[in-house]
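Structure below is protein.cif: mmCIF, C-alpha atoms.
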```
data_input
#
loop_
_atom_site.label_atom_id
_atom_site.label_comp_id
_atom_site.auth_asym_id
_atom_site.auth_seq_id
_atom_site.Cartn_x
_atom_site.Cartn_y
_atom_site.Cartn_z
CA MET A 1 12.57 21.83 44.57
CA SER A 2 14.59 19.94 41.96
CA GLU A 3 16.25 21.89 39.16
CA CYS A 4 14.62 21.94 35.73
CA ASP A 5 16.47 19.95 33.07
CA ASN A 6 14.37 21.52 30.27
CA ASN A 7 13.06 18.11 29.26
CA CYS A 8 9.33 18.83 29.16
CA ASN A 9 8.63 15.44 27.57
CA SER A 10 9.52 13.62 30.80
CA CYS A 11 8.12 16.19 33.23
CA SER A 12 4.60 16.04 34.69
CA LYS A 13 4.54 19.57 36.13
CA ASN A 14 2.46 22.27 34.47
CA CYS A 15 4.70 25.30 34.94
CA GLY A 16 4.69 28.56 33.02
CA ASP A 17 7.80 27.61 31.07
CA ARG A 18 6.38 24.33 29.82
CA LYS A 19 6.59 23.84 26.06
CA GLU A 20 4.41 21.56 24.00
CA VAL A 21 6.41 18.61 22.76
CA LYS A 22 5.33 16.82 19.60
CA ASN A 23 6.69 13.36 18.87
CA ASP A 24 8.19 13.06 15.41
CA PHE A 25 8.29 9.48 14.17
CA SER A 26 9.20 10.39 10.58
CA VAL A 27 12.07 8.53 8.96
CA LYS A 28 14.32 10.09 6.34
CA PRO A 29 14.71 8.24 3.04
CA HIS A 30 18.11 7.15 1.83
CA GLU A 31 20.23 10.14 0.85
CA MET A 32 20.37 8.84 -2.73
CA SER A 33 16.62 8.29 -2.99
CA LYS A 34 14.24 10.57 -4.85
CA ILE A 35 10.55 9.80 -4.35
CA LYS A 36 7.87 12.22 -5.46
CA LYS A 37 4.60 10.65 -4.23
CA VAL A 38 3.84 7.86 -1.76
CA ILE A 39 0.50 6.05 -1.97
CA GLY A 40 -0.58 3.52 0.66
CA VAL A 41 -2.85 0.62 -0.30
CA VAL A 42 -4.81 -0.61 2.71
CA SER A 43 -7.67 -2.90 3.65
CA GLY A 44 -9.66 -3.49 6.79
CA LYS A 45 -9.51 -7.27 6.42
CA GLY A 46 -7.39 -9.83 4.63
CA GLY A 47 -8.10 -11.68 1.41
CA VAL A 48 -9.75 -8.83 -0.48
CA GLY A 49 -7.03 -8.41 -3.12
CA LYS A 50 -4.96 -5.56 -1.73
CA SER A 51 -1.71 -6.81 -3.27
CA LEU A 52 -3.48 -7.30 -6.59
CA VAL A 53 -4.68 -3.69 -6.58
CA THR A 54 -1.22 -2.47 -5.56
CA SER A 55 0.31 -4.34 -8.49
CA LEU A 56 -2.29 -3.08 -10.97
CA LEU A 57 -1.82 0.53 -9.85
CA ALA A 58 1.97 0.29 -10.21
CA VAL A 59 1.62 -1.26 -13.68
CA THR A 60 -0.99 1.29 -14.77
CA MET A 61 1.10 4.30 -13.74
CA ASN A 62 4.16 2.70 -15.33
CA ARG A 63 2.26 2.34 -18.60
CA ARG A 64 1.38 6.02 -18.44
CA GLY A 65 5.04 6.92 -18.53
CA TYR A 66 5.75 7.32 -14.81
CA HIS A 67 8.43 5.47 -12.87
CA SER A 68 6.58 3.25 -10.40
CA ALA A 69 7.84 1.44 -7.32
CA VAL A 70 6.31 -0.99 -4.83
CA LEU A 71 7.36 -1.19 -1.19
CA ASP A 72 5.92 -4.46 0.10
CA ALA A 73 5.16 -3.69 3.73
CA ASP A 74 3.27 -6.96 4.25
CA ILE A 75 6.26 -8.59 5.91
CA THR A 76 4.59 -11.80 7.08
CA GLY A 77 2.53 -12.32 3.93
CA PRO A 78 4.50 -10.92 0.99
CA SER A 79 3.02 -11.64 -2.43
CA ILE A 80 4.27 -8.81 -4.66
CA PRO A 81 7.35 -10.67 -6.01
CA LYS A 82 5.13 -13.62 -6.98
CA ALA A 83 2.72 -11.39 -8.94
CA PHE A 84 5.63 -9.88 -10.89
CA GLY A 85 7.45 -13.17 -11.38
CA ILE A 86 10.60 -12.01 -9.60
CA LYS A 87 12.96 -14.79 -8.56
CA GLU A 88 16.27 -12.95 -8.06
CA LYS A 89 17.29 -11.51 -4.72
CA ALA A 90 17.92 -7.90 -3.77
CA VAL A 91 21.58 -6.98 -3.47
CA GLY A 92 23.35 -4.51 -1.26
CA THR A 93 26.25 -2.20 -1.90
CA GLU A 94 28.31 0.03 0.36
CA ALA A 95 25.80 2.78 -0.39
CA GLY A 96 22.63 0.82 0.37
CA ILE A 97 20.20 -1.86 -0.80
CA LEU A 98 19.09 -1.86 -4.42
CA PRO A 99 15.48 -2.76 -5.25
CA VAL A 100 14.82 -5.43 -7.86
CA LYS A 101 13.44 -4.24 -11.18
CA SER A 102 10.47 -5.99 -12.78
CA LYS A 103 10.33 -6.86 -16.48
CA THR A 104 8.96 -3.41 -17.33
CA GLY A 105 11.20 -1.45 -14.96
CA ILE A 106 9.10 -1.19 -11.78
CA ASP A 107 11.29 -1.03 -8.65
CA ILE A 108 10.28 -3.57 -6.00
CA MET A 109 11.41 -4.31 -2.46
CA SER A 110 9.93 -7.15 -0.42
CA ILE A 111 11.12 -9.35 2.43
CA ASN A 112 10.93 -12.32 0.05
CA LEU A 113 13.71 -10.71 -1.99
CA LEU A 114 15.98 -11.06 1.06
CA LEU A 115 15.02 -14.54 2.31
CA LYS A 116 16.93 -17.64 1.18
CA ASN A 117 13.69 -19.39 0.21
CA GLU A 118 10.43 -17.62 -0.64
CA THR A 119 8.49 -20.06 1.55
CA ASP A 120 10.58 -19.34 4.66
CA PRO A 121 8.23 -17.92 7.34
CA VAL A 122 8.92 -14.58 9.00
CA VAL A 123 8.32 -15.28 12.68
CA TRP A 124 8.95 -11.86 14.14
CA ARG A 125 7.23 -9.69 16.71
CA GLY A 126 5.60 -6.39 15.83
CA PRO A 127 8.46 -3.98 16.65
CA ILE A 128 10.91 -5.92 14.45
CA ILE A 129 8.41 -6.03 11.59
CA ALA A 130 7.79 -2.30 11.90
CA GLY A 131 11.53 -1.66 11.98
CA THR A 132 11.98 -3.66 8.79
CA VAL A 133 9.37 -1.55 7.00
CA LYS A 134 11.22 1.61 8.04
CA GLN A 135 14.48 0.13 6.76
CA PHE A 136 12.84 -0.54 3.39
CA TRP A 137 12.34 3.23 3.27
CA SER A 138 15.63 4.43 4.76
CA ASP A 139 18.15 1.83 3.58
CA VAL A 140 16.90 1.14 0.05
CA ILE A 141 18.00 3.40 -2.80
CA TRP A 142 14.82 4.42 -4.63
CA SER A 143 16.04 6.31 -7.68
CA ASP A 144 13.79 8.88 -9.38
CA VAL A 145 10.46 7.31 -8.37
CA ASP A 146 7.36 9.19 -9.47
CA TYR A 147 4.85 7.03 -7.58
CA MET A 148 5.64 4.60 -4.79
CA PHE A 149 2.87 2.22 -3.78
CA VAL A 150 3.09 0.75 -0.28
CA ASP A 151 1.33 -2.60 0.03
CA MET A 152 0.30 -2.84 3.67
CA PRO A 153 -1.00 -5.79 5.70
CA PRO A 154 -4.71 -5.73 6.56
CA GLY A 155 -6.07 -4.01 9.65
CA THR A 156 -5.02 -1.02 11.72
CA GLY A 157 -2.05 -2.48 13.60
CA ASP A 158 1.69 -1.91 13.86
CA VAL A 159 2.64 -1.67 10.20
CA PRO A 160 -0.11 0.70 8.98
CA LEU A 161 0.58 2.91 12.01
CA THR A 162 4.33 2.83 11.30
CA VAL A 163 3.82 3.72 7.64
CA PHE A 164 1.43 6.58 8.42
CA GLN A 165 3.74 8.02 11.07
CA SER A 166 7.14 7.38 9.49
CA LEU A 167 6.63 7.80 5.74
CA PRO A 168 5.38 10.94 3.95
CA VAL A 169 2.17 9.30 2.70
CA ASP A 170 0.34 11.54 0.22
CA GLY A 171 -2.85 9.48 0.24
CA ILE A 172 -4.31 5.99 0.52
CA ILE A 173 -6.43 3.65 -1.56
CA ILE A 174 -8.81 1.39 0.39
CA VAL A 175 -9.52 -2.08 -1.03
CA THR A 176 -12.67 -3.94 -0.12
CA SER A 177 -15.12 -6.63 -1.30
CA PRO A 178 -18.92 -6.73 -1.87
CA GLN A 179 -20.00 -8.38 1.40
CA GLU A 180 -22.38 -6.56 3.75
CA LEU A 181 -19.88 -6.37 6.61
CA VAL A 182 -17.64 -4.29 4.39
CA SER A 183 -19.08 -0.93 5.44
CA MET A 184 -17.99 -1.55 9.03
CA ILE A 185 -14.50 -2.70 7.99
CA VAL A 186 -14.04 0.22 5.60
CA GLY A 187 -15.22 2.54 8.35
CA LYS A 188 -12.34 1.46 10.58
CA ALA A 189 -9.77 2.12 7.85
CA VAL A 190 -11.36 5.50 7.09
CA LYS A 191 -11.32 6.57 10.73
CA MET A 192 -7.69 5.56 11.13
CA ALA A 193 -6.73 7.58 8.05
CA LYS A 194 -8.59 10.62 9.36
CA MET A 195 -6.96 10.26 12.79
CA MET A 196 -3.57 10.32 11.06
CA ASN A 197 -4.57 13.15 8.67
CA ILE A 198 -4.00 10.98 5.60
CA PRO A 199 -6.15 11.83 2.52
CA ILE A 200 -8.31 9.02 1.14
CA LEU A 201 -7.96 9.06 -2.64
CA GLY A 202 -10.32 6.28 -3.60
CA LEU A 203 -12.01 2.96 -2.93
CA VAL A 204 -11.60 -0.24 -4.95
CA GLU A 205 -14.09 -3.07 -4.70
CA ASN A 206 -12.47 -6.33 -5.74
CA MET A 207 -14.45 -9.44 -6.81
CA SER A 208 -17.33 -7.08 -7.53
CA TYR A 209 -18.92 -9.20 -10.25
CA TYR A 210 -18.36 -11.95 -12.79
CA LYS A 211 -19.05 -11.23 -16.44
CA CYS A 212 -20.31 -14.24 -18.38
CA PRO A 213 -18.11 -14.73 -21.47
CA ASP A 214 -21.08 -16.17 -23.43
CA CYS A 215 -23.93 -13.72 -22.80
CA GLY A 216 -22.02 -10.76 -21.34
CA LYS A 217 -24.30 -10.56 -18.29
CA GLU A 218 -22.74 -9.50 -14.98
CA HIS A 219 -23.39 -11.76 -11.97
CA SER A 220 -22.86 -10.65 -8.34
CA VAL A 221 -21.24 -13.81 -6.98
CA PHE A 222 -20.60 -12.40 -3.51
CA GLY A 223 -23.76 -10.34 -3.24
CA GLU A 224 -24.81 -6.97 -4.55
CA SER A 225 -22.21 -4.22 -4.67
CA HIS A 226 -22.34 -1.60 -1.91
CA ILE A 227 -19.33 0.41 -3.03
CA LYS A 228 -21.30 3.46 -4.09
CA GLU A 229 -23.10 3.68 -0.74
CA VAL A 230 -19.90 3.04 1.22
CA ALA A 231 -18.06 5.73 -0.77
CA GLU A 232 -20.84 8.26 -0.14
CA GLN A 233 -21.10 7.43 3.57
CA ASN A 234 -17.37 7.96 4.07
CA ASP A 235 -16.90 10.92 1.69
CA ILE A 236 -14.56 8.95 -0.57
CA PRO A 237 -14.38 10.80 -3.90
CA VAL A 238 -13.55 8.03 -6.38
CA TYR A 239 -14.26 4.33 -6.59
CA SER A 240 -13.62 1.47 -9.00
CA LYS A 241 -14.88 -2.08 -9.41
CA LEU A 242 -12.66 -5.07 -10.19
CA PRO A 243 -14.38 -8.14 -11.65
CA ILE A 244 -13.68 -11.80 -10.94
CA ASP A 245 -11.52 -12.48 -13.97
CA PRO A 246 -9.82 -15.89 -14.37
CA LYS A 247 -7.30 -14.38 -16.80
CA LEU A 248 -6.24 -11.78 -14.25
CA SER A 249 -5.87 -14.42 -11.54
CA ALA A 250 -3.83 -16.61 -13.89
CA ALA A 251 -1.57 -13.66 -14.79
CA CYS A 252 -0.76 -13.07 -11.11
CA ASP A 253 -0.20 -16.78 -10.42
CA LYS A 254 2.22 -16.97 -13.34
CA GLY A 255 4.05 -13.78 -12.38
CA MET A 256 2.74 -11.90 -15.39
CA VAL A 257 0.62 -9.17 -13.82
CA GLU A 258 2.35 -6.64 -16.08
CA LEU A 259 0.51 -8.17 -19.04
CA PHE A 260 -3.00 -7.62 -17.65
CA GLU A 261 -5.64 -6.07 -19.86
CA GLY A 262 -8.43 -3.91 -18.47
CA ASP A 263 -9.32 -0.33 -17.56
CA TRP A 264 -11.08 -1.07 -14.27
CA ILE A 265 -8.85 1.13 -12.09
CA ASP A 266 -8.31 4.01 -14.51
CA ALA A 267 -10.49 6.31 -12.36
CA ILE A 268 -8.27 5.63 -9.33
CA ALA A 269 -5.14 6.14 -11.42
CA ASP A 270 -6.52 9.48 -12.63
CA ALA A 271 -7.07 10.59 -9.03
CA ILE A 272 -3.48 9.63 -8.14
CA ARG A 273 -2.09 11.53 -11.14
CA LYS A 274 -3.91 14.72 -10.02
CA LEU A 275 -2.05 14.79 -6.69
#
```

Could you spell out this file's structure in structure tokens?
Amino acid sequence: MSECDNNCNSCSKNCGDRKEVKNDFSVKPHEMSKIKKVIGVVSGKGGVGKSLVTSLLAVTMNRRGYHSAVLDADITGPSIPKAFGIKEKAVGTEAGILPVKSKTGIDIMSINLLLKNETDPVVWRGPIIAGTVKQFWSDVIWSDVDYMFVDMPPGTGDVPLTVFQSLPVDGIIIVTSPQELVSMIVGKAVKMAKMMNIPILGLVENMSYYKCPDCGKEHSVFGESHIKEVAEQNDIPVYSKLPIDPKLSAACDKGMVELFEGDWIDAIADAIRKL
């Protein structure tokens, strides 16, 4: 019989001295960082406005007097710098990488702040992308952040899994759209969060309706809203509706999301503040 090396993780025998081994994938933040709450913003599918909601949440909490930050974990499709109108690049010091501040003082880190040109593609495999996300947490100096919002790519793949396992996520916001297939897509995101023991704070339905500027009537361009039913089916406590608003779209395209007007996500912001 071979001698025991006390490495139960690599041993298949079920002896009396066996100890349960739990894998710990958590990553420590930079020693100079101070981050109070981490909120993930997720979606089951792409194109539903996840980055928009992330930006609005960061701006809303910043307006309420909290120091907000955005970690753009959508490495292959970063859009946060564009929404905030950030052109300068992130710089590094001997201590670590410094995030770029927006016009109103929101700290932002995105892969586009490190690339030579913002249109340069990131052609990397999953493990490298996941490693980059972890470095945005461990190598960036996030100073006195009250609420960090992590903008994740759609789906339940490498990056969401990495964020859930490696970062101390306090809760997630799920972003969706009015289409019928949404309940199935939301269900996948909900089940993944529950598997990872991550609290679901709220649900945001983007492109929920269009309000006519002449008569004030609301039109369901993409079909009737199902957000209330979806929230009830999945035990999601709070939900908000975002309209199709040309002014909001123009603000993001021009890098002026910090000037948006509207109280559509106040209920979600209230839920975040109660954490």

| task | Starting from the displayed file, determine the output of the PyMOL selection byres ((chain A and resi 199) around 8) and express the residue list as a list in words. | result | Asp170, Gly171, Ile172, Ala193, Lys194, Asn197, Ile198, Ile200 and Leu201 of chain A

| message | Expand the PyMOL selection byres ((chain A and resi 256-270) around 9) into the explicit residue set it covers here, and present it as an MDAnalysis selection string. | response | chainID A and resid 52:53 55:57 59:61 82:85 102:104 173 201:204 238:243 247:255 271:274

| Within 9 Å of file point (-14.3, 4.4, 5.4), counting all atoms listed in the file, expressed as a PyMOL selection string | chain A and resi 174+183-193+200+203+230-231+233-236

Expected axis-aligned box over every listed atom of stretch 46-52 of chain A, 5 Å added per side, centre plus edges in Å to one decimal, as lines of an AutoDock Vina configuration file:
```
center_x = -5.7
center_y = -8.6
center_z = -1.0
size_x = 18.0
size_y = 16.1
size_z = 21.2
```

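Atom CA of A:Gly47 lies 17.1 Å from atom CA of A:Ser225.
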
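Counting all atoms listed in the file, the residue from A:Ser208, A:Val38, A:Leu71, A:Ser220 that sits nearest to A:Asp146 is A:Val38.
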
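Distances here use only C-alpha atoms; by that measure, the residue among A:Met195, A:Val150, A:Ile97, A:Ile141 closest to A:Pro78 is A:Val150.
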
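Of the residues listed (A:Leu161, A:Ile244, A:Val100, A:Ala73), A:Ala73 shows the shortest atom-to-atom separation from A:Gln135; distances use all atoms listed in the file.
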
| task | Might you pull out every residue within 6 Å of stretch 32-37 of chain A, with all atoms listed in the file counted and same-chain residues fewer than 3 positions away left off, and present them as a ChimeraX atom specification? | result | /A:141-147

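Candidate residues A:Ile39, A:Val175, A:Val70, A:Ile129 were compared for distance to A:Ile106, and the nearest is A:Val70, using only C-alpha atoms.
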
Kindly complete stretch 31-45 of chain A to N, CA and C atoms; the output should be written as a PDB file, keeping the file's coordinate frame.
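Contents of result17.pdb, as written:
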```
ATOM      1  N   GLU A  31      19.752   8.871   1.402  1.00  0.00           N
ATOM      2  CA  GLU A  31      20.230  10.140   0.850  1.00  0.00           C
ATOM      3  C   GLU A  31      20.296  10.130  -0.679  1.00  0.00           C
ATOM      4  N   MET A  32      20.326   8.945  -1.281  1.00  0.00           N
ATOM      5  CA  MET A  32      20.370   8.840  -2.730  1.00  0.00           C
ATOM      6  C   MET A  32      18.994   8.592  -3.346  1.00  0.00           C
ATOM      7  N   SER A  33      17.973   8.539  -2.507  1.00  0.00           N
ATOM      8  CA  SER A  33      16.620   8.290  -2.990  1.00  0.00           C
ATOM      9  C   SER A  33      15.963   9.585  -3.460  1.00  0.00           C
ATOM     10  N   LYS A  34      15.053   9.445  -4.393  1.00  0.00           N
ATOM     11  CA  LYS A  34      14.240  10.570  -4.850  1.00  0.00           C
ATOM     12  C   LYS A  34      12.845  10.031  -5.147  1.00  0.00           C
ATOM     13  N   ILE A  35      11.912  10.334  -4.262  1.00  0.00           N
ATOM     14  CA  ILE A  35      10.550   9.800  -4.350  1.00  0.00           C
ATOM     15  C   ILE A  35       9.577  10.959  -4.323  1.00  0.00           C
ATOM     16  N   LYS A  36       8.778  11.084  -5.353  1.00  0.00           N
ATOM     17  CA  LYS A  36       7.870  12.220  -5.460  1.00  0.00           C
ATOM     18  C   LYS A  36       6.578  12.018  -4.678  1.00  0.00           C
ATOM     19  N   LYS A  37       5.882  10.891  -4.884  1.00  0.00           N
ATOM     20  CA  LYS A  37       4.600  10.650  -4.230  1.00  0.00           C
ATOM     21  C   LYS A  37       4.561   9.245  -3.640  1.00  0.00           C
ATOM     22  N   VAL A  38       3.974   9.145  -2.447  1.00  0.00           N
ATOM     23  CA  VAL A  38       3.840   7.860  -1.760  1.00  0.00           C
ATOM     24  C   VAL A  38       2.357   7.574  -1.544  1.00  0.00           C
ATOM     25  N   ILE A  39       1.900   6.443  -2.062  1.00  0.00           N
ATOM     26  CA  ILE A  39       0.500   6.050  -1.970  1.00  0.00           C
ATOM     27  C   ILE A  39       0.396   4.739  -1.191  1.00  0.00           C
ATOM     28  N   GLY A  40      -0.357   4.735  -0.107  1.00  0.00           N
ATOM     29  CA  GLY A  40      -0.580   3.520   0.660  1.00  0.00           C
ATOM     30  C   GLY A  40      -1.795   2.775   0.145  1.00  0.00           C
ATOM     31  N   VAL A  41      -1.717   1.459   0.090  1.00  0.00           N
ATOM     32  CA  VAL A  41      -2.850   0.620  -0.300  1.00  0.00           C
ATOM     33  C   VAL A  41      -3.213  -0.218   0.912  1.00  0.00           C
ATOM     34  N   VAL A  42      -4.416   0.004   1.441  1.00  0.00           N
ATOM     35  CA  VAL A  42      -4.810  -0.610   2.710  1.00  0.00           C
ATOM     36  C   VAL A  42      -6.119  -1.372   2.571  1.00  0.00           C
ATOM     37  N   SER A  43      -6.386  -2.208   3.570  1.00  0.00           N
ATOM     38  CA  SER A  43      -7.670  -2.900   3.650  1.00  0.00           C
ATOM     39  C   SER A  43      -7.982  -3.176   5.105  1.00  0.00           C
ATOM     40  N   GLY A  44      -9.253  -3.228   5.416  1.00  0.00           N
ATOM     41  CA  GLY A  44      -9.660  -3.490   6.790  1.00  0.00           C
ATOM     42  C   GLY A  44      -9.537  -4.949   7.163  1.00  0.00           C
ATOM     43  N   LYS A  45      -9.605  -5.832   6.163  1.00  0.00           N
ATOM     44  CA  LYS A  45      -9.510  -7.270   6.420  1.00  0.00           C
ATOM     45  C   LYS A  45      -8.679  -7.918   5.324  1.00  0.00           C
TER      46      LYS A  45
END
```
